[in-house]
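J.: Data: final_12.pdb, PDB, C-alpha atoms.
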ATOM      1  CA  MET J  27       0.000   0.000   0.000
ATOM      2  CA  SER J  28       1.306   3.473  -0.795
ATOM      3  CA  THR J  29       0.991   6.894   0.805
ATOM      4  CA  GLU J  30      -1.647   7.706  -1.798
ATOM      5  CA  ARG J  31      -3.925   5.151  -0.168
ATOM      6  CA  ILE J  32      -3.104   5.760   3.489
ATOM      7  CA  GLY J  33      -3.160   9.537   2.964
ATOM      8  CA  LEU J  34      -1.029  12.271   4.491
ATOM      9  CA  ASP J  35      -3.863  13.352   6.794
ATOM     10  CA  ARG J  36      -4.125   9.925   8.346
ATOM     11  CA  LEU J  37      -0.355   9.685   8.601
ATOM     12  CA  LEU J  38      -0.313  12.996  10.472
ATOM     13  CA  GLU J  39      -3.108  11.862  12.808
ATOM     14  CA  THR J  40      -1.160   8.684  13.532
ATOM     15  CA  ALA J  41       2.021  10.688  14.074
ATOM     16  CA  VAL J  42       0.203  12.939  16.580
ATOM     17  CA  ALA J  43      -1.031   9.848  18.461
ATOM     18  CA  SER J  44       2.526   8.474  18.434
ATOM     19  CA  LEU J  45       3.863  11.792  19.713
ATOM     20  CA  GLN J  46       1.340  11.845  22.563
ATOM     21  CA  ASN J  47       2.520   8.413  23.657
ATOM     22  CA  VAL J  48       6.241   9.078  23.249
ATOM     23  CA  ALA J  49       6.122  12.530  24.879
ATOM     24  CA  ALA J  50       4.366  11.045  27.913
ATOM     25  CA  SER J  51       6.821   8.191  28.334
ATOM     26  CA  ALA J  52      10.131   9.744  27.221
ATOM     27  CA  LEU J  53       9.629  13.385  28.292
ATOM     28  CA  SER J  54       6.906  13.094  30.947
ATOM     29  CA  LYS J  55       5.025  15.796  29.004
ATOM     30  CA  GLU J  56       1.512  16.035  27.665
ATOM     31  CA  VAL J  57       0.795  17.039  24.091
ATOM     32  CA  SER J  58      -1.964  19.650  23.819
ATOM     33  CA  ALA J  59      -3.432  22.369  21.594
ATOM     34  CA  VAL J  60      -3.090  20.237  18.488
ATOM     35  CA  GLU J  61      -4.140  22.252  15.470
ATOM     36  CA  ARG J  62      -3.781  21.323  11.833
ATOM     37  CA  ARG J  63      -1.818  24.054  10.074
ATOM     38  CA  PRO J  64      -2.287  24.996   6.421
ATOM     39  CA  ALA J  65       0.477  23.425   4.377
ATOM     40  CA  ARG J  66       2.954  26.229   4.990
ATOM     41  CA  LEU J  67       6.268  25.145   6.362
ATOM     42  CA  PRO J  68       7.441  26.714   9.611
ATOM     43  CA  ARG J  69      10.198  29.277   9.081
ATOM     44  CA  ASP J  70      13.174  29.862  11.345
ATOM     45  CA  MET J  71      12.423  26.765  13.376
ATOM     46  CA  PRO J  72      15.186  24.232  13.806
ATOM     47  CA  GLY J  73      14.092  20.636  13.973
ATOM     48  CA  ALA J  74      14.923  16.983  13.519
ATOM     49  CA  TYR J  75      13.708  14.692  10.755
ATOM     50  CA  VAL J  76      13.784  10.941  10.165
ATOM     51  CA  PRO J  77      13.210   9.320   6.757
ATOM     52  CA  LEU J  78      10.571   6.608   6.481
ATOM     53  CA  LEU J  79      11.233   4.747   3.262
ATOM     54  CA  ALA J  80       8.450   2.550   1.930
ATOM     55  CA  LYS J  81       7.985   0.933  -1.454
ATOM     56  CA  GLY J  82       7.465   3.812  -3.877
ATOM     57  CA  ASP J  83       7.324   6.380  -1.084
ATOM     58  CA  ASN J  84       9.848   8.656   0.522
ATOM     59  CA  LEU J  85       8.533  10.278   3.698
ATOM     60  CA  GLN J  86      10.077  12.315   6.472
ATOM     61  CA  VAL J  87       8.610  12.760   9.925
ATOM     62  CA  GLY J  88       9.928  15.763  11.786
ATOM     63  CA  ILE J  89       9.526  17.924  14.848
ATOM     64  CA  ALA J  90      10.394  21.623  14.683
ATOM     65  CA  SER J  91      10.458  24.256  17.388
ATOM     66  CA  SER J  92      12.344  27.369  18.406
ATOM     67  CA  LEU J  93      15.919  26.914  19.565
ATOM     68  CA  ASP J  94      14.704  27.306  23.149
ATOM     69  CA  GLY J  95      11.974  24.773  22.439
ATOM     70  CA  CYS J  96      14.507  22.276  21.079
ATOM     71  CA  CYS J  97      16.629  22.841  24.218
ATOM     72  CA  SER J  98      13.562  22.183  26.351
ATOM     73  CA  ILE J  99      12.828  18.901  24.551
ATOM     74  CA  ALA J 100      16.474  17.861  24.897
ATOM     75  CA  ARG J 101      16.557  18.724  28.610
ATOM     76  CA  SER J 102      13.380  16.756  29.235
ATOM     77  CA  LEU J 103      14.680  13.700  27.390
ATOM     78  CA  LEU J 104      17.985  13.834  29.274
ATOM     79  CA  MET J 105      16.296  14.730  32.584
ATOM     80  CA  MET J 106      18.573  17.767  32.901
ATOM     81  CA  GLY J 107      17.922  20.805  35.029
ATOM     82  CA  PRO J 108      17.707  24.300  33.518
ATOM     83  CA  ASP J 109      21.172  25.260  34.821
ATOM     84  CA  GLU J 110      23.053  22.262  33.439
ATOM     85  CA  ASP J 111      25.210  22.859  30.344
ATOM     86  CA  LEU J 112      23.870  21.618  27.043
ATOM     87  CA  SER J 113      25.842  22.213  23.831
ATOM     88  CA  ALA J 114      24.256  22.815  20.420
ATOM     89  CA  SER J 115      25.515  19.369  19.426
ATOM     90  CA  ASP J 116      23.850  17.781  22.475
ATOM     91  CA  VAL J 117      20.555  19.488  21.584
ATOM     92  CA  ALA J 118      20.722  18.244  17.985
ATOM     93  CA  ASP J 119      21.586  14.737  19.139
ATOM     94  CA  ALA J 120      18.826  14.590  21.763
ATOM     95  CA  VAL J 121      16.074  16.039  19.547
ATOM     96  CA  GLY J 122      17.221  13.660  16.811
ATOM     97  CA  GLU J 123      16.906  10.757  19.206
ATOM     98  CA  PHE J 124      13.469  11.939  20.275
ATOM     99  CA  ILE J 125      12.193  12.023  16.674
ATOM    100  CA  ASN J 126      13.862   8.641  16.104
ATOM    101  CA  ILE J 127      11.812   7.156  18.956
ATOM    102  CA  LEU J 128       8.683   8.798  17.559
ATOM    103  CA  ALA J 129       9.413   7.442  14.067
ATOM    104  CA  GLY J 130       9.800   3.946  15.492
ATOM    105  CA  GLU J 131       6.397   4.166  17.162
ATOM    106  CA  LEU J 132       4.852   5.597  13.976
ATOM    107  CA  LYS J 133       6.390   2.808  11.914
ATOM    108  CA  THR J 134       4.852   0.185  14.193
ATOM    109  CA  ARG J 135       1.432   1.860  13.984
ATOM    110  CA  ILE J 136       1.415   2.079  10.160
ATOM    111  CA  ALA J 137       3.325  -1.123   9.384
ATOM    112  CA  LYS J 138       0.203  -2.964   8.263
ATOM    113  CA  ASP J 139      -0.783  -0.161   5.862
ATOM    114  CA  LEU J 140       2.596   0.871   4.496
ATOM    115  CA  SER J 141       4.934  -2.071   4.505
ATOM    116  CA  PRO J 142       7.815  -2.766   4.278
ATOM    117  CA  ILE J 143       9.144   0.450   5.797
ATOM    118  CA  THR J 144      12.752   1.226   6.541
ATOM    119  CA  LEU J 145      13.709   3.900   9.056
ATOM    120  CA  GLY J 146      16.634   6.132   8.179
ATOM    121  CA  LEU J 147      18.911   8.049  10.514
ATOM    122  CA  PRO J 148      17.807  11.336  12.103
ATOM    123  CA  LEU J 149      19.040  14.655  10.788
ATOM    124  CA  PHE J 150      18.876  17.999  12.641
ATOM    125  CA  LEU J 151      18.240  21.068  10.482
ATOM    126  CA  ASN J 152      18.905  24.553  11.788
ATOM    127  CA  GLY J 153      16.787  26.204   9.134
ATOM    128  CA  ALA J 154      13.719  25.502   7.067
ATOM    129  CA  ILE J 155      12.767  23.039   4.372
ATOM    130  CA  GLU J 156      12.171  24.943   1.150
ATOM    131  CA  PRO J 157       8.888  23.900  -0.458
ATOM    132  CA  THR J 158       9.039  22.670  -4.050
ATOM    133  CA  GLU J 159       6.498  21.144  -6.420
ATOM    134  CA  ALA J 160       7.948  17.742  -5.562
ATOM    135  CA  LEU J 161       6.969  17.953  -1.887
ATOM    136  CA  ASP J 162       3.646  17.518  -0.067
ATOM    137  CA  PHE J 163       3.240  18.395   3.597
ATOM    138  CA  ALA J 164       0.923  17.728   6.487
ATOM    139  CA  ILE J 165       1.676  19.824   9.561
ATOM    140  CA  ALA J 166       0.198  20.089  13.054
ATOM    141  CA  ASP J 167       1.046  22.878  15.473
ATOM    142  CA  LEU J 168       0.917  21.758  19.094
ATOM    143  CA  ARG J 169       2.399  22.055  22.541
ATOM    144  CA  ILE J 170       4.677  19.537  24.225
ATOM    145  CA  GLY J 171       4.262  20.567  27.833
ATOM    146  CA  GLU J 172       4.736  24.340  27.564
ATOM    147  CA  THR J 173       6.853  24.114  24.417
ATOM    148  CA  ALA J 174       5.307  25.216  21.124
ATOM    149  CA  ALA J 175       6.304  22.896  18.290
ATOM    150  CA  SER J 176       5.233  21.667  14.882
ATOM    151  CA  LEU J 177       4.945  18.044  13.845
ATOM    152  CA  LEU J 178       5.552  17.531  10.141
ATOM    153  CA  ILE J 179       5.037  14.795   7.600
ATOM    154  CA  VAL J 180       6.930  15.560   4.397
ATOM    155  CA  HIS J 181       6.212  13.450   1.321
ATOM    156  CA  GLN J 182       8.386  13.489  -1.770
ATOM    157  CA  LYS J 183       6.030  12.923  -4.685
TER     158      LYS J 183
ATOM    159  CA  MET O  11      30.271  -7.018  35.013
ATOM    160  CA  ARG O  12      31.175  -5.086  31.828
ATOM    161  CA  LEU O  13      28.397  -3.757  29.635
ATOM    162  CA  LEU O  14      28.996  -2.272  26.193
ATOM    163  CA  ILE O  15      26.395   0.307  25.096
ATOM    164  CA  VAL O  16      26.282   0.814  21.333
ATOM    165  CA  ASP O  17      24.254   3.726  19.967
ATOM    166  CA  ASP O  18      25.039   6.541  17.545
ATOM    167  CA  SER O  19      23.218   8.946  19.852
ATOM    168  CA  LYS O  20      25.279  10.198  22.788
ATOM    169  CA  ALA O  21      21.987  11.203  24.412
ATOM    170  CA  MET O  22      20.657   7.656  24.219
ATOM    171  CA  ARG O  23      23.883   6.150  25.548
ATOM    172  CA  SER O  24      23.576   8.509  28.491
ATOM    173  CA  ILE O  25      19.921   7.526  29.004
ATOM    174  CA  VAL O  26      20.784   3.805  28.895
ATOM    175  CA  MET O  27      23.590   4.249  31.447
ATOM    176  CA  ARG O  28      21.329   6.241  33.759
ATOM    177  CA  ALA O  29      18.620   3.573  33.476
ATOM    178  CA  LEU O  30      21.174   0.829  34.191
ATOM    179  CA  ARG O  31      22.210   2.600  37.393
ATOM    180  CA  GLN O  32      18.559   2.998  38.380
ATOM    181  CA  ALA O  33      17.984  -0.672  37.556
ATOM    182  CA  GLY O  34      20.604  -1.741  40.087
ATOM    183  CA  TYR O  35      23.723  -1.889  37.904
ATOM    184  CA  GLU O  36      25.492   0.942  39.740
ATOM    185  CA  GLY O  37      29.140   0.008  40.200
ATOM    186  CA  HIS O  38      29.352  -2.101  37.058
ATOM    187  CA  THR O  39      31.598  -1.025  34.181
ATOM    188  CA  PHE O  40      29.957   0.709  31.237
ATOM    189  CA  GLU O  41      31.717   1.102  27.908
ATOM    190  CA  GLU O  42      30.432   3.006  24.897
ATOM    191  CA  ALA O  43      30.607   2.723  21.116
ATOM    192  CA  SER O  44      28.885   4.938  18.564
ATOM    193  CA  ASN O  45      28.375   2.309  15.852
ATOM    194  CA  GLY O  46      28.708  -1.408  15.188
ATOM    195  CA  ALA O  47      32.188  -1.220  13.668
ATOM    196  CA  GLU O  48      33.586   0.577  16.713
ATOM    197  CA  ALA O  49      31.813  -1.921  18.985
ATOM    198  CA  LEU O  50      33.192  -4.917  17.090
ATOM    199  CA  GLU O  51      36.750  -3.676  17.595
ATOM    200  CA  LEU O  52      36.151  -3.332  21.331
ATOM    201  CA  ILE O  53      34.532  -6.775  21.538
ATOM    202  CA  ARG O  54      37.414  -8.438  19.649
ATOM    203  CA  ARG O  55      39.922  -6.899  22.054
ATOM    204  CA  SER O  56      38.014  -7.830  25.193
ATOM    205  CA  PRO O  57      34.495  -9.291  25.029
ATOM    206  CA  PRO O  58      32.128  -7.645  27.514
ATOM    207  CA  ASP O  59      29.550  -9.599  29.489
ATOM    208  CA  LEU O  60      26.680  -7.980  27.590
ATOM    209  CA  VAL O  61      26.234  -5.794  24.513
ATOM    210  CA  LEU O  62      23.253  -3.421  24.472
ATOM    211  CA  SER O  63      22.901  -2.196  20.906
ATOM    212  CA  ASP O  64      20.742   0.138  18.888
ATOM    213  CA  TRP O  65      19.315  -1.187  15.599
ATOM    214  CA  ASN O  66      19.859   1.649  13.097
ATOM    215  CA  MET O  67      23.352   3.129  13.118
ATOM    216  CA  PRO O  68      25.784   4.466  10.541
ATOM    217  CA  GLU O  69      28.764   2.403   9.311
ATOM    218  CA  MET O  70      27.590  -0.897  10.832
ATOM    219  CA  ASN O  71      24.072  -1.320  12.165
ATOM    220  CA  GLY O  72      22.989  -3.505  15.076
ATOM    221  CA  PRO O  73      21.945  -6.611  13.099
ATOM    222  CA  ALA O  74      25.240  -6.543  11.169
ATOM    223  CA  LEU O  75      27.140  -6.267  14.458
ATOM    224  CA  LEU O  76      25.288  -9.255  15.901
ATOM    225  CA  GLU O  77      25.927 -11.269  12.747
ATOM    226  CA  ALA O  78      29.649 -10.430  12.842
ATOM    227  CA  ILE O  79      29.876 -11.435  16.504
ATOM    228  CA  ARG O  80      28.223 -14.787  15.822
ATOM    229  CA  GLN O  81      30.264 -15.426  12.646
ATOM    230  CA  GLU O  82      33.500 -14.781  14.523
ATOM    231  CA  GLY O  83      32.410 -17.104  17.318
ATOM    232  CA  LEU O  84      32.668 -14.410  19.971
ATOM    233  CA  GLN O  85      30.823 -15.516  23.091
ATOM    234  CA  VAL O  86      28.893 -12.380  24.076
ATOM    235  CA  ARG O  87      25.359 -11.917  25.317
ATOM    236  CA  PHE O  88      23.531  -9.431  23.138
ATOM    237  CA  GLY O  89      20.348  -7.365  23.452
ATOM    238  CA  PHE O  90      18.791  -4.674  21.291
ATOM    239  CA  ILE O  91      17.503  -1.354  22.636
ATOM    240  CA  THR O  92      15.787   0.289  19.713
ATOM    241  CA  SER O  93      12.859   2.378  18.555
ATOM    242  CA  GLU O  94      12.077  -0.441  16.097
ATOM    243  CA  SER O  95       9.386  -2.733  17.436
ATOM    244  CA  THR O  96       7.504  -4.362  14.572
ATOM    245  CA  ALA O  97       6.952  -8.128  14.731
ATOM    246  CA  GLU O  98       9.353  -8.638  11.805
ATOM    247  CA  ILE O  99      12.155  -6.749  13.539
ATOM    248  CA  ARG O 100      11.583  -8.636  16.788
ATOM    249  CA  GLU O 101      11.667 -11.986  14.965
ATOM    250  CA  GLN O 102      14.822 -10.988  13.096
ATOM    251  CA  ALA O 103      16.522  -9.962  16.358
ATOM    252  CA  LEU O 104      15.745 -13.194  18.171
ATOM    253  CA  ALA O 105      16.507 -15.379  15.128
ATOM    254  CA  GLY O 106      19.896 -13.655  14.896
ATOM    255  CA  GLY O 107      20.753 -14.669  18.435
ATOM    256  CA  ALA O 108      19.758 -11.645  20.504
ATOM    257  CA  SER O 109      18.527 -12.406  24.015
ATOM    258  CA  PHE O 110      15.964  -9.611  23.932
ATOM    259  CA  LEU O 111      14.701  -6.550  22.111
ATOM    260  CA  LEU O 112      13.692  -3.646  24.321
ATOM    261  CA  THR O 113      11.738  -0.826  22.713
ATOM    262  CA  LYS O 114      12.583   2.843  23.339
ATOM    263  CA  PRO O 115      11.419   4.582  25.418
ATOM    264  CA  PHE O 116      11.911   2.118  28.249
ATOM    265  CA  THR O 117      11.896   2.235  32.025
ATOM    266  CA  PRO O 118      14.583   1.052  34.456
ATOM    267  CA  ASP O 119      12.159  -1.736  35.446
ATOM    268  CA  SER O 120      11.738  -2.990  31.886
ATOM    269  CA  LEU O 121      15.517  -2.807  31.397
ATOM    270  CA  ARG O 122      16.076  -4.784  34.608
ATOM    271  CA  SER O 123      13.600  -7.459  33.432
ATOM    272  CA  ALA O 124      15.223  -7.696  30.009
ATOM    273  CA  LEU O 125      18.696  -8.082  31.501
ATOM    274  CA  ALA O 126      17.481 -10.633  34.017
ATOM    275  CA  GLY O 127      16.240 -12.751  31.110
ATOM    276  CA  ALA O 128      19.613 -12.560  29.382
ATOM    277  CA  PHE O 129      21.608 -14.157  32.237
TER     278      PHE O 129
END
In structure tokens, how does this file's structure come out?
T.:
Amino acid sequence: MSTERIGLDRLLETAVASLQNVAASALSKEVSAVERRPARLPRDMPGAYVPLLAKGDNLQVGIASSLDGCCSIARSLLMMGPDEDLSASDVADAVGEFINILAGELKTRIAKDLSPITLGLPLFLNGAIEPTEALDFAIADLRIGETAASLLIVHQK
Amino acid sequence: MRLLIVDDSKAMRSIVMRALRQAGYEGHTFEEASNGAEALELIRRSPPDLVLSDWNMPEMNGPALLEAIRQEGLQVRFGFITSESTAEIREQALAGGASFLLTKPFTPDSLRSALAGAF
């Protein structure tokens, strides 16, 4: 089955459900204020992305936030206090690991609809994805605890 | 006891070590490797009592590491700690000779149970 049949909207809904579960268990945070955003990519928001490669489909699942928001996610994952040192590299690594965990949960949830799927390695982008005609998006704005973030599904047509 | 933690994420290696301490493994020796190739070199030099490995890693992934260990006849207990948790992945891990596959995120209790089953 391809993304055309499962649909980006359903993928995003499943990703939100995965995020709720992973944020509760890995960050001890609740996900709230989930709102579907028009397909405009967030600007000036760093974030981490993991490729989900299925037959005939090339997807990315990502989480983007402000730099402070990314630091907050990293601190929660690492159970660090606000005064403990955290380098830019540590933030990228931790947010990458967080989206990796989320992608694993998403893969399990959609395995019966979009199989076989291979997970790639996470990548942290300190910038924005530039939209092109070859890309489709589904994006939800939300809060992870007090942190504003966007959850993205990017599909290369 | 010596435990080798293999993960390309420094954050996850730190989380695994913290969970091990919370699970009662305080005082044991933890070693780290950031991919399978680096881990294999460490194992060849001095096999640890247990390898805790991620699945997806650059250079050499977890399944390839496990296969290399078995092919070389190295006697090492091996468990996966990974975000991968489909039935196919679990079957592949156990068929390859892993003692367990623990899904991220995990708790110190679930880690303790997994390790108890490996010894």
J.: Measuring between only C-alpha atoms, which one of O:Ser44, O:Ser63, O:Ser93, O:Ser56 shows the shortest distance to Leu145 in chain J?
T.: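 Using only C-alpha atoms, Leu145 in chain J sits closest to O:Ser93.
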J.: When distances are computed from all atoms listed in the file, which of J:Ala50, J:Ala80, J:Val121, J:Ala74 shows the smallest separation from Ile170 in chain J?
T.: J:Ala50
J.: For range 107-120 of chain O, work out the shell of residues within 10 Å, counting all atoms listed in the file and skipping chain neighbours fewer than 3 positions away, then give it as a PDB file with C-alpha atoms, in the frame of the given file.
T.:
ATOM      1  CA  ASN J  47       2.520   8.413  23.657  1.00  0.00           C
ATOM      2  CA  VAL J  48       6.241   9.078  23.249  1.00  0.00           C
ATOM      3  CA  ALA J  49       6.122  12.530  24.879  1.00  0.00           C
ATOM      4  CA  ALA J  50       4.366  11.045  27.913  1.00  0.00           C
ATOM      5  CA  SER J  51       6.821   8.191  28.334  1.00  0.00           C
ATOM      6  CA  ALA J  52      10.131   9.744  27.221  1.00  0.00           C
ATOM      7  CA  LEU J  53       9.629  13.385  28.292  1.00  0.00           C
ATOM      8  CA  LEU J 103      14.680  13.700  27.390  1.00  0.00           C
ATOM      9  CA  GLU J 123      16.906  10.757  19.206  1.00  0.00           C
ATOM     10  CA  PHE J 124      13.469  11.939  20.275  1.00  0.00           C
ATOM     11  CA  ASN J 126      13.862   8.641  16.104  1.00  0.00           C
ATOM     12  CA  ILE J 127      11.812   7.156  18.956  1.00  0.00           C
ATOM     13  CA  LEU J 128       8.683   8.798  17.559  1.00  0.00           C
ATOM     14  CA  GLY J 130       9.800   3.946  15.492  1.00  0.00           C
ATOM     15  CA  GLU J 131       6.397   4.166  17.162  1.00  0.00           C
TER      16      GLU J 131
ATOM     17  CA  MET O  22      20.657   7.656  24.219  1.00  0.00           C
ATOM     18  CA  ILE O  25      19.921   7.526  29.004  1.00  0.00           C
ATOM     19  CA  VAL O  26      20.784   3.805  28.895  1.00  0.00           C
ATOM     20  CA  ARG O  28      21.329   6.241  33.759  1.00  0.00           C
ATOM     21  CA  ALA O  29      18.620   3.573  33.476  1.00  0.00           C
ATOM     22  CA  LEU O  30      21.174   0.829  34.191  1.00  0.00           C
ATOM     23  CA  ARG O  31      22.210   2.600  37.393  1.00  0.00           C
ATOM     24  CA  GLN O  32      18.559   2.998  38.380  1.00  0.00           C
ATOM     25  CA  ALA O  33      17.984  -0.672  37.556  1.00  0.00           C
ATOM     26  CA  GLY O  34      20.604  -1.741  40.087  1.00  0.00           C
ATOM     27  CA  LEU O  60      26.680  -7.980  27.590  1.00  0.00           C
ATOM     28  CA  VAL O  61      26.234  -5.794  24.513  1.00  0.00           C
ATOM     29  CA  LEU O  62      23.253  -3.421  24.472  1.00  0.00           C
ATOM     30  CA  SER O  63      22.901  -2.196  20.906  1.00  0.00           C
ATOM     31  CA  ASP O  64      20.742   0.138  18.888  1.00  0.00           C
ATOM     32  CA  TRP O  65      19.315  -1.187  15.599  1.00  0.00           C
ATOM     33  CA  PRO O  73      21.945  -6.611  13.099  1.00  0.00           C
ATOM     34  CA  LEU O  76      25.288  -9.255  15.901  1.00  0.00           C
ATOM     35  CA  GLU O  77      25.927 -11.269  12.747  1.00  0.00           C
ATOM     36  CA  ILE O  79      29.876 -11.435  16.504  1.00  0.00           C
ATOM     37  CA  ARG O  80      28.223 -14.787  15.822  1.00  0.00           C
ATOM     38  CA  VAL O  86      28.893 -12.380  24.076  1.00  0.00           C
ATOM     39  CA  ARG O  87      25.359 -11.917  25.317  1.00  0.00           C
ATOM     40  CA  PHE O  88      23.531  -9.431  23.138  1.00  0.00           C
ATOM     41  CA  GLY O  89      20.348  -7.365  23.452  1.00  0.00           C
ATOM     42  CA  PHE O  90      18.791  -4.674  21.291  1.00  0.00           C
ATOM     43  CA  ILE O  91      17.503  -1.354  22.636  1.00  0.00           C
ATOM     44  CA  THR O  92      15.787   0.289  19.713  1.00  0.00           C
ATOM     45  CA  SER O  93      12.859   2.378  18.555  1.00  0.00           C
ATOM     46  CA  GLU O  94      12.077  -0.441  16.097  1.00  0.00           C
ATOM     47  CA  SER O  95       9.386  -2.733  17.436  1.00  0.00           C
ATOM     48  CA  THR O  96       7.504  -4.362  14.572  1.00  0.00           C
ATOM     49  CA  ILE O  99      12.155  -6.749  13.539  1.00  0.00           C
ATOM     50  CA  ARG O 100      11.583  -8.636  16.788  1.00  0.00           C
ATOM     51  CA  GLU O 101      11.667 -11.986  14.965  1.00  0.00           C
ATOM     52  CA  GLN O 102      14.822 -10.988  13.096  1.00  0.00           C
ATOM     53  CA  ALA O 103      16.522  -9.962  16.358  1.00  0.00           C
ATOM     54  CA  LEU O 104      15.745 -13.194  18.171  1.00  0.00           C
ATOM     55  CA  SER O 123      13.600  -7.459  33.432  1.00  0.00           C
ATOM     56  CA  ALA O 124      15.223  -7.696  30.009  1.00  0.00           C
ATOM     57  CA  LEU O 125      18.696  -8.082  31.501  1.00  0.00           C
ATOM     58  CA  ALA O 126      17.481 -10.633  34.017  1.00  0.00           C
ATOM     59  CA  GLY O 127      16.240 -12.751  31.110  1.00  0.00           C
ATOM     60  CA  ALA O 128      19.613 -12.560  29.382  1.00  0.00           C
ATOM     61  CA  PHE O 129      21.608 -14.157  32.237  1.00  0.00           C
TER      62      PHE O 129
END
J.: Just so the selection is clear, what residues does the PyMOL selection byres ((chain J and resi 73) around 6) cover here, as a VMD selection string?
T.: chain J and resid 72 74 89 to 90 150 to 151
J.: Next, dump the selected residues to file, keeping only C-alpha atoms, as a CSV table (one decimal), keeping the file's coordinate frame.
T.:
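Written file, part_3.csv:
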chain,number,residue,atom,x,y,z
J,72,PRO,CA,15.2,24.2,13.8
J,74,ALA,CA,14.9,17.0,13.5
J,89,ILE,CA,9.5,17.9,14.8
J,90,ALA,CA,10.4,21.6,14.7
J,150,PHE,CA,18.9,18.0,12.6
J,151,LEU,CA,18.2,21.1,10.5
J.: Within 7 Å of (33.9, -2.6, 33.6) in the file's own coordinates, which protein, DNA or RNA residues have an atom, counting only C-alpha atoms? List them as a list in words.
T.: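 Those within range, by chain then number, are Met11, Arg12, Leu13, His38, Thr39 and Phe40 of chain O.
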J.: Provide the CA of Glu39 in chain J to CA of Thr144 in chain J distance in Å, to one decimal place.
T.: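 Rounded to one decimal, the two atoms are 20.1 Å apart.
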J.: Can you measure CA of Glu110 in chain J to CA of Ser24 in chain O for me? One decimal in Å is fine.
T.: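 Spanning CA of Glu110 in chain J to CA of Ser24 in chain O is a straight-line distance of 14.6 Å.
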J.: Counting only C-alpha atoms, I want the residues whose atoms come within 6 Å of (9.9, 15.3, 1.1) in the file frame, returned as a VMD selection string.
T.: chain J and resid 85 161 180 to 182
J.: What is the distance, in Å and to one decimal place, between CA of Pro68 in chain J and CA of Leu168 in chain J?
T.: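 Between CA of Pro68 in chain J and CA of Leu168 in chain J the gap is 12.5 Å.
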J.: Could you write out as a VMD selection string the residues that the PyMOL selection byres ((chain J and resi 119) around 10) matches in the shown file?
T.: (chain J and resid 74 100 113 to 118 120 to 124 148 to 150) or (chain O and resid 18 to 22)
J.: Here is a test: counting only C-alpha atoms, which residue of O:Glu69, O:Gln85, O:Glu41, O:Tyr35 is nearest to chain J?
T.: O:Glu69
J.: Residues near Arg69 in chain J, anyone? I mean within 12 Å using only C-alpha atoms, not counting same-chain ones fewer than 4 positions away, as number ranges by chain.
T.: J: 73, 90-92, 151-157, 175-176
J.: Go through J:Ile165, J:Ala41, J:Val76, J:Leu67 and flag the residue nearest Thr134 in chain J, using all atoms listed in the file for the distances.
T.: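 Going through J:Ile165, J:Ala41, J:Val76, J:Leu67 one by one, the smallest distance to Thr134 in chain J is for J:Ala41.
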J.: Exactly which residues make up the result of the PyMOL selection byres ((chain J and resi 37) around 12) on this file, given as a PyMOL selection string?
T.: chain J and resi 28-36+38-44+78+85-87+129+132-133+135-137+139-140+163-166+177-181
J.: Go through J:Ser141, J:Arg63, J:Asp70, J:Arg169 one by one, measure the shortest atom-to-atom distance of each to chain O using all atoms listed in the file, and give the residue with the smallest value.
T.: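 Residue with the minimum atom-to-atom distance to chain O: J:Ser141.
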J.: Using only C-alpha atoms, which residues sit within 8 Å of Ala160 in chain J once same-chain residues fewer than 2 positions away are excluded, as an mmCIF file with C-alpha atoms, in the coordinates of the input?
T.:
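This went into selection.cif:
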data_model
loop_
_atom_site.group_PDB
_atom_site.id
_atom_site.type_symbol
_atom_site.label_atom_id
_atom_site.label_comp_id
_atom_site.auth_asym_id
_atom_site.auth_seq_id
_atom_site.Cartn_x
_atom_site.Cartn_y
_atom_site.Cartn_z
ATOM 1 C CA THR J 158 9.039 22.670 -4.050
ATOM 2 C CA ASP J 162 3.646 17.518 -0.067
ATOM 3 C CA GLN J 182 8.386 13.489 -1.770
ATOM 4 C CA LYS J 183 6.030 12.923 -4.685
#
